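K.L.:
Below is a structure I'd like to ask you about.
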Amino acid sequence: MENIKLILNRFEPITEDSLNELCKILTKKTYSKKSFLIKYPKDFDKFFILISGLTRSLTIAEDGSKNCRSILKPPALFLSLEKEIRKNNHIFNIEFDCLTEVTVYEGNFKQFRKIAADRTDLCKLYIRGLETTLLKLIEKDAMKSHLNALERYLCLKKEIPNIENLIQLNQIANYLNITPVQFSRIRKNIK
Amino acid sequence: MNNLRDILYHYYPISDESATKFSEILVRKKYKNKTELSNNDKFYILLDGFVRSYTIHDNGSVRIGTFLSKSSIFTSIKPLSILSNCVIQEIKFDCLSDVILYEGSFSEFIKLTKKHHDLSLLYNKTLEAGIRLVIEKAHVLIHLDGMGRYLHLKNQYPNIENLIKLNDIASYINVTPIQLSRIRKTLYSSK
């Protein structure tokens with residue numbers, strides 16, 4: 001429980017009372033590498049607090065091709081947001097899977113909404129979570145349009161220095177949106 | 001005033017009292033085409049016209065983040081926080097046509113959300129909408145080819161060619177101007 005508090009305080013400090021309520025709907029779980037946290041078309045009600053390990057979010061196109069949208073490292077709060085952002089004309093699905101073995105607190109988002117409905121601090125926590133996500137996404141979007149592959153790789157290295165030891169190189173290439181061959185050339189040039 | 005209610009209702013139904021309080025911090029303004037909107041502690045509700053957001057990299061390159069059309073609510077991310085990475089410093093907004101909008105102070109709004117819970121729920125919804133916009137853009141860029149991206153953009157904003165230069169469109173959908181001209185030729189000569 002102290003653990004949860006520490007992580008949440010990084011986003012937004014919440015009261016003891018709200019923390020207790022929140023802990024009631026959370027369960028601690030460990031997932032092995034490659035297992036799915038959120039798999040289309042179910043699990044949309046879940047939300048996660050990442051404690052250790054790396055997870056990634058994938059978008060899936062109609063033709064089944066997958067692309068890694070972001071790599072998440074602790075401390076992170078995430079959920080599929082499927083219901084929140086779905087519109088009639090939407091064309092993509094979102095999945096989350098584990099790149100390494102991960103430990104998470106898992107909860108039901110509907111229940112969270114219920115207890116957050118009349119608690120300002122939890123609502124603010126959710127806002128902070130959303131703001132963080134939005135900033136990250138905008139940053140990644142800007143990164144994609146301004147930088148070339150080498151610079152993108154350096155940015156990633158800066159954020160997670162030992163990334164090569166944690167996940168496969170082709171997964172990194174997919175995140176950078178380049179082919180594995182290009183990626184290997186980039187790495188060669190740096191050395 | 002009714003107009004404003006309609007837009008807000010589209011996001012979240014707020015109470016009359018909150019709506020009154022909210023409208024007190026808003027000023028209705030008109031801006032000419034090409035005006036740059038101040039991004040210092042401001043948020044905007046667009047009533048009519050088109051606005052784009054863009055980022056400038058240290059090396060001087062300008063990239064369009066997204067287009068905003070009628071009834072969007074937006075703010076610069078500046079009031080939210082300072083970005084961790086060095087890629088971009090801030091996000092700027094300028095008008096692509098003559099626009100009519102409501103303008104308000106972001107910190108005043110945050111103050112209001114503390115008293116009025118439904119306003120923070122409204123803020124939630126606008127953040128979710130923002131996230132959706134960015135995810136969708138990332139998805140379109142990754143999964144569709146140049147033609148697909150152009151069609152997607154045309155679908156969203158049918159008269160986009162009249163608003164911005166073709167070069168900017170090309171940069172937005174991440175193709176070269178030459179490619180774009182070929183795409184347009186293929187599309188329009190076959191009709």
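Chain labels run A, B, ... following the order of the structure tokens; each chain numbers its residues from 1, and ligands are numbered from 1 in the order shown.
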Enumerate the residues of stretch 4-90 of chain B with a DSSP assignment of strand (DSSP E or B), computed from the backbone, and present them as a PyMOL selection string.

P.N.:
chain B and resi 26-31+36-37+42-48+51-57+62-68+73-75+88-90

K.L.:
Would you write out, as a tab-separated table, a table of all residues in chain A that have an atom no more than 9 Å from an atom of chain B, listing for each the closest atom pair and the distance in Å to one decimal, considering only C-alpha atoms and ordering rows by chain and rising residue number?

P.N.:
residue	atom	partner	partner_atom	distance
A:Thr59	CA	B:His139	CA	6.9
A:Ile60	CA	B:His143	CA	8.4
A:Ala61	CA	B:His143	CA	6.4
A:Ser65	CA	B:His143	CA	7.6
A:Lys66	CA	B:His143	CA	8.3
A:Asn67	CA	B:Ile142	CA	7.5
A:Arg69	CA	B:Ala138	CA	7.9
A:Leu81	CA	B:Glu128	CA	8.0
A:Glu84	CA	B:Glu128	CA	6.6
A:Ile85	CA	B:Arg132	CA	5.4
A:Arg86	CA	B:Arg132	CA	7.9
A:His90	CA	B:Glu136	CA	8.3
A:Ile91	CA	B:Glu136	CA	8.2
A:Phe92	CA	B:His139	CA	7.3
A:Ala117	CA	B:His117	CA	8.6
A:Asp118	CA	B:His117	CA	7.9
A:Arg119	CA	B:His117	CA	8.7
A:Thr120	CA	B:His117	CA	6.8
A:Cys123	CA	B:Ser120	CA	7.4
A:Lys124	CA	B:Ser120	CA	7.5
A:Tyr126	CA	B:Asn124	CA	7.8
A:Ile127	CA	B:Asn124	CA	5.8
A:Leu130	CA	B:Leu127	CA	6.4
A:Glu131	CA	B:Leu127	CA	6.8
A:Thr132	CA	B:Leu80	CA	8.9
A:Thr133	CA	B:Ile131	CA	7.5
A:Leu134	CA	B:Ile131	CA	5.4
A:Leu135	CA	B:Ile77	CA	7.4
A:Lys136	CA	B:Leu83	CA	8.5
A:Leu137	CA	B:Val134	CA	6.5
A:Ile138	CA	B:Val134	CA	6.7
A:Glu139	CA	B:Ile88	CA	7.5
A:Lys140	CA	B:Ala138	CA	8.9
A:Asp141	CA	B:Ala138	CA	6.8
A:Ala142	CA	B:Thr55	CA	7.0
A:Met143	CA	B:Val87	CA	6.3
A:Ser145	CA	B:Arg63	CA	6.7
A:His146	CA	B:His57	CA	6.6
A:Leu147	CA	B:Val87	CA	8.2
A:Cys155	CA	B:Asn85	CA	7.8
A:Glu159	CA	B:Asn85	CA	8.7
A:Asn177	CA	B:Ile142	CA	7.8

K.L.:
Would you pick out the contacts of A:Leu79 at 10 Å or less, using only C-alpha atoms, so that residues sharing its chain but fewer than 2 positions from it are not included, and give the list as a PyMOL selection string?

P.N.:
chain A and resi 37-38+43-49+57+77+81-82+94-96+106-109

K.L.:
When you draw a straight line from atom CA of A:Lys34 to atom CA of A:Ile71, how long is it in Å?

P.N.:
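Straight-line distance from atom CA of A:Lys34 to atom CA of A:Ile71 works out to 13.6 Å.
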
K.L.:
Write out as a VMD selection string which residues come within 8 Å of stretch 16-31 of chain A when counting only C-alpha atoms, dropping same-chain ones fewer than 3 positions away.

P.N.:
chain A and resid 1 5 35 98 101 to 108 111 to 112 115 119 121 to 122

K.L.:
Take atom CA of B:Phe74 and atom CA of B:Ile45 and report the distance between them in Å, one decimal.

P.N.:
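That distance, rounded to one decimal, is 6.5 Å.
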
K.L.:
Run DSSP on the backbone and give me the residues of stretch 27-174 of chain B it puts in helix (DSSP H, G or I), as a VMD selection string.

P.N.:
chain B and resid 106 to 115 117 to 143 146 to 156 160 to 163 166 to 172

K.L.:
Using only C-alpha atoms, which residues sit within 8 Å of stretch 93-103 of chain B once same-chain residues fewer than 6 positions away are excluded, as a PDB file with N, CA and C atoms, in the first residue's frame?

P.N.:
ATOM      1  N   LEU B  26     -14.813  33.750 -19.390  1.00  0.00           N
ATOM      2  CA  LEU B  26     -14.582  33.711 -20.841  1.00  0.00           C
ATOM      3  C   LEU B  26     -14.819  35.067 -21.498  1.00  0.00           C
ATOM      4  N   VAL B  27     -14.051  35.355 -22.500  1.00  0.00           N
ATOM      5  CA  VAL B  27     -14.259  36.558 -23.299  1.00  0.00           C
ATOM      6  C   VAL B  27     -14.419  36.118 -24.745  1.00  0.00           C
ATOM      7  N   ARG B  28     -15.413  36.668 -25.417  1.00  0.00           N
ATOM      8  CA  ARG B  28     -15.607  36.324 -26.824  1.00  0.00           C
ATOM      9  C   ARG B  28     -14.722  37.211 -27.685  1.00  0.00           C
ATOM     10  N   LYS B  29     -13.982  36.610 -28.584  1.00  0.00           N
ATOM     11  CA  LYS B  29     -13.061  37.405 -29.393  1.00  0.00           C
ATOM     12  C   LYS B  29     -13.080  36.976 -30.844  1.00  0.00           C
ATOM     13  N   LYS B  30     -12.653  37.923 -31.684  1.00  0.00           N
ATOM     14  CA  LYS B  30     -12.513  37.595 -33.102  1.00  0.00           C
ATOM     15  C   LYS B  30     -11.062  37.803 -33.486  1.00  0.00           C
ATOM     16  N   TYR B  31     -10.531  36.887 -34.261  1.00  0.00           N
ATOM     17  CA  TYR B  31      -9.166  37.068 -34.734  1.00  0.00           C
ATOM     18  C   TYR B  31      -9.134  36.950 -36.246  1.00  0.00           C
ATOM     19  N   LYS B  32      -8.216  37.693 -36.824  1.00  0.00           N
ATOM     20  CA  LYS B  32      -8.050  37.642 -38.281  1.00  0.00           C
ATOM     21  C   LYS B  32      -7.218  36.425 -38.664  1.00  0.00           C
ATOM     22  N   ASN B  33      -7.353  36.051 -39.920  1.00  0.00           N
ATOM     23  CA  ASN B  33      -6.543  34.992 -40.498  1.00  0.00           C
ATOM     24  C   ASN B  33      -5.053  35.239 -40.189  1.00  0.00           C
ATOM     25  N   LYS B  34      -4.338  34.175 -39.886  1.00  0.00           N
ATOM     26  CA  LYS B  34      -2.888  34.219 -39.658  1.00  0.00           C
ATOM     27  C   LYS B  34      -2.446  34.834 -38.329  1.00  0.00           C
ATOM     28  N   THR B  35      -3.389  35.215 -37.493  1.00  0.00           N
ATOM     29  CA  THR B  35      -2.990  35.720 -36.178  1.00  0.00           C
ATOM     30  C   THR B  35      -2.446  34.566 -35.352  1.00  0.00           C
ATOM     31  N   GLU B  36      -1.428  34.866 -34.592  1.00  0.00           N
ATOM     32  CA  GLU B  36      -0.937  33.846 -33.676  1.00  0.00           C
ATOM     33  C   GLU B  36      -1.656  34.000 -32.346  1.00  0.00           C
ATOM     34  N   LEU B  37      -2.124  32.893 -31.797  1.00  0.00           N
ATOM     35  CA  LEU B  37      -2.831  32.968 -30.521  1.00  0.00           C
ATOM     36  C   LEU B  37      -1.821  32.868 -29.386  1.00  0.00           C
ATOM     37  N   SER B  38      -2.016  33.703 -28.377  1.00  0.00           N
ATOM     38  CA  SER B  38      -1.097  33.666 -27.247  1.00  0.00           C
ATOM     39  C   SER B  38      -1.228  32.320 -26.546  1.00  0.00           C
ATOM     40  N   ASN B  39      -0.104  31.728 -26.170  1.00  0.00           N
ATOM     41  CA  ASN B  39      -0.215  30.423 -25.517  1.00  0.00           C
ATOM     42  C   ASN B  39       0.198  30.499 -24.053  1.00  0.00           C
ATOM     43  N   LYS B  42      -3.540  30.415 -21.396  1.00  0.00           N
ATOM     44  CA  LYS B  42      -4.822  30.690 -22.035  1.00  0.00           C
ATOM     45  C   LYS B  42      -5.443  29.378 -22.489  1.00  0.00           C
ATOM     46  N   PHE B  43      -6.759  29.354 -22.521  1.00  0.00           N
ATOM     47  CA  PHE B  43      -7.397  28.255 -23.233  1.00  0.00           C
ATOM     48  C   PHE B  43      -8.490  28.832 -24.121  1.00  0.00           C
ATOM     49  N   TYR B  44      -8.863  28.082 -25.137  1.00  0.00           N
ATOM     50  CA  TYR B  44      -9.771  28.603 -26.140  1.00  0.00           C
ATOM     51  C   TYR B  44     -10.890  27.616 -26.441  1.00  0.00           C
ATOM     52  N   ILE B  45     -12.038  28.172 -26.748  1.00  0.00           N
ATOM     53  CA  ILE B  45     -13.127  27.354 -27.272  1.00  0.00           C
ATOM     54  C   ILE B  45     -13.470  27.927 -28.631  1.00  0.00           C
ATOM     55  N   LEU B  46     -13.288  27.121 -29.637  1.00  0.00           N
ATOM     56  CA  LEU B  46     -13.420  27.616 -31.001  1.00  0.00           C
ATOM     57  C   LEU B  46     -14.879  27.566 -31.440  1.00  0.00           C
ATOM     58  N   LEU B  47     -15.406  28.716 -31.859  1.00  0.00           N
ATOM     59  CA  LEU B  47     -16.802  28.744 -32.305  1.00  0.00           C
ATOM     60  C   LEU B  47     -16.891  28.599 -33.813  1.00  0.00           C
ATOM     61  N   ASP B  48     -15.987  29.277 -34.497  1.00  0.00           N
ATOM     62  CA  ASP B  48     -16.042  29.224 -35.951  1.00  0.00           C
ATOM     63  C   ASP B  48     -14.653  29.445 -36.529  1.00  0.00           C
ATOM     64  N   GLY B  49     -14.339  28.759 -37.614  1.00  0.00           N
ATOM     65  CA  GLY B  49     -13.050  28.931 -38.258  1.00  0.00           C
ATOM     66  C   GLY B  49     -12.122  27.752 -38.008  1.00  0.00           C
ATOM     67  N   PHE B  50     -10.898  27.884 -38.497  1.00  0.00           N
ATOM     68  CA  PHE B  50      -9.915  26.816 -38.359  1.00  0.00           C
ATOM     69  C   PHE B  50      -8.652  27.330 -37.684  1.00  0.00           C
ATOM     70  N   VAL B  51      -8.096  26.506 -36.838  1.00  0.00           N
ATOM     71  CA  VAL B  51      -6.858  26.842 -36.150  1.00  0.00           C
ATOM     72  C   VAL B  51      -5.937  25.641 -36.297  1.00  0.00           C
ATOM     73  N   ARG B  52      -4.626  25.904 -36.347  1.00  0.00           N
ATOM     74  CA  ARG B  52      -3.718  24.749 -36.336  1.00  0.00           C
ATOM     75  C   ARG B  52      -2.748  24.900 -35.168  1.00  0.00           C
ATOM     76  N   SER B  53      -2.252  23.788 -34.693  1.00  0.00           N
ATOM     77  CA  SER B  53      -1.194  23.848 -33.699  1.00  0.00           C
ATOM     78  C   SER B  53       0.089  23.423 -34.394  1.00  0.00           C
ATOM     79  N   TYR B  54       1.198  24.024 -33.993  1.00  0.00           N
ATOM     80  CA  TYR B  54       2.454  23.607 -34.602  1.00  0.00           C
ATOM     81  C   TYR B  54       3.583  23.689 -33.598  1.00  0.00           C
ATOM     82  N   SER B  76      -2.676  25.532 -24.939  1.00  0.00           N
ATOM     83  CA  SER B  76      -1.291  25.168 -25.144  1.00  0.00           C
ATOM     84  C   SER B  76      -0.919  24.274 -23.979  1.00  0.00           C
ATOM     85  N   LEU B 163      -7.334  26.161 -47.124  1.00  0.00           N
ATOM     86  CA  LEU B 163      -6.905  26.730 -45.852  1.00  0.00           C
ATOM     87  C   LEU B 163      -5.391  26.852 -45.743  1.00  0.00           C
ATOM     88  N   ILE B 164      -4.692  25.805 -46.160  1.00  0.00           N
ATOM     89  CA  ILE B 164      -3.242  25.860 -46.019  1.00  0.00           C
ATOM     90  C   ILE B 164      -2.556  25.481 -47.319  1.00  0.00           C
TER      91      ILE B 164
END

K.L.:
Can you list, as a list in words, every protein, DNA or RNA residue that comes within 8 Å of A:Ser70 when you count only C-alpha atoms, leaving out same-chain residues fewer than 3 positions away?

P.N.:
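Final neighbour list, sorted by chain and number: Arg56, Ser57, Leu58 and Tyr175 of chain A.
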
K.L.:
Take the residues from that selection and write them out as a PDB file, in the first residue's frame, keeping N, CA and C atoms.

P.N.:
ATOM      1  N   ARG A  56       4.264  -2.250 -23.257  1.00  0.00           N
ATOM      2  CA  ARG A  56       4.123  -1.369 -24.415  1.00  0.00           C
ATOM      3  C   ARG A  56       2.674  -1.367 -24.876  1.00  0.00           C
ATOM      4  N   SER A  57       2.293  -0.294 -25.539  1.00  0.00           N
ATOM      5  CA  SER A  57       0.960  -0.239 -26.115  1.00  0.00           C
ATOM      6  C   SER A  57       1.090  -0.403 -27.620  1.00  0.00           C
ATOM      7  N   LEU A  58       0.144  -1.127 -28.174  1.00  0.00           N
ATOM      8  CA  LEU A  58       0.160  -1.413 -29.610  1.00  0.00           C
ATOM      9  C   LEU A  58      -1.112  -0.876 -30.232  1.00  0.00           C
ATOM     10  N   TYR A 175       9.238   0.328 -32.636  1.00  0.00           N
ATOM     11  CA  TYR A 175       8.878   1.532 -31.891  1.00  0.00           C
ATOM     12  C   TYR A 175       9.368   2.780 -32.614  1.00  0.00           C
TER      13      TYR A 175
END
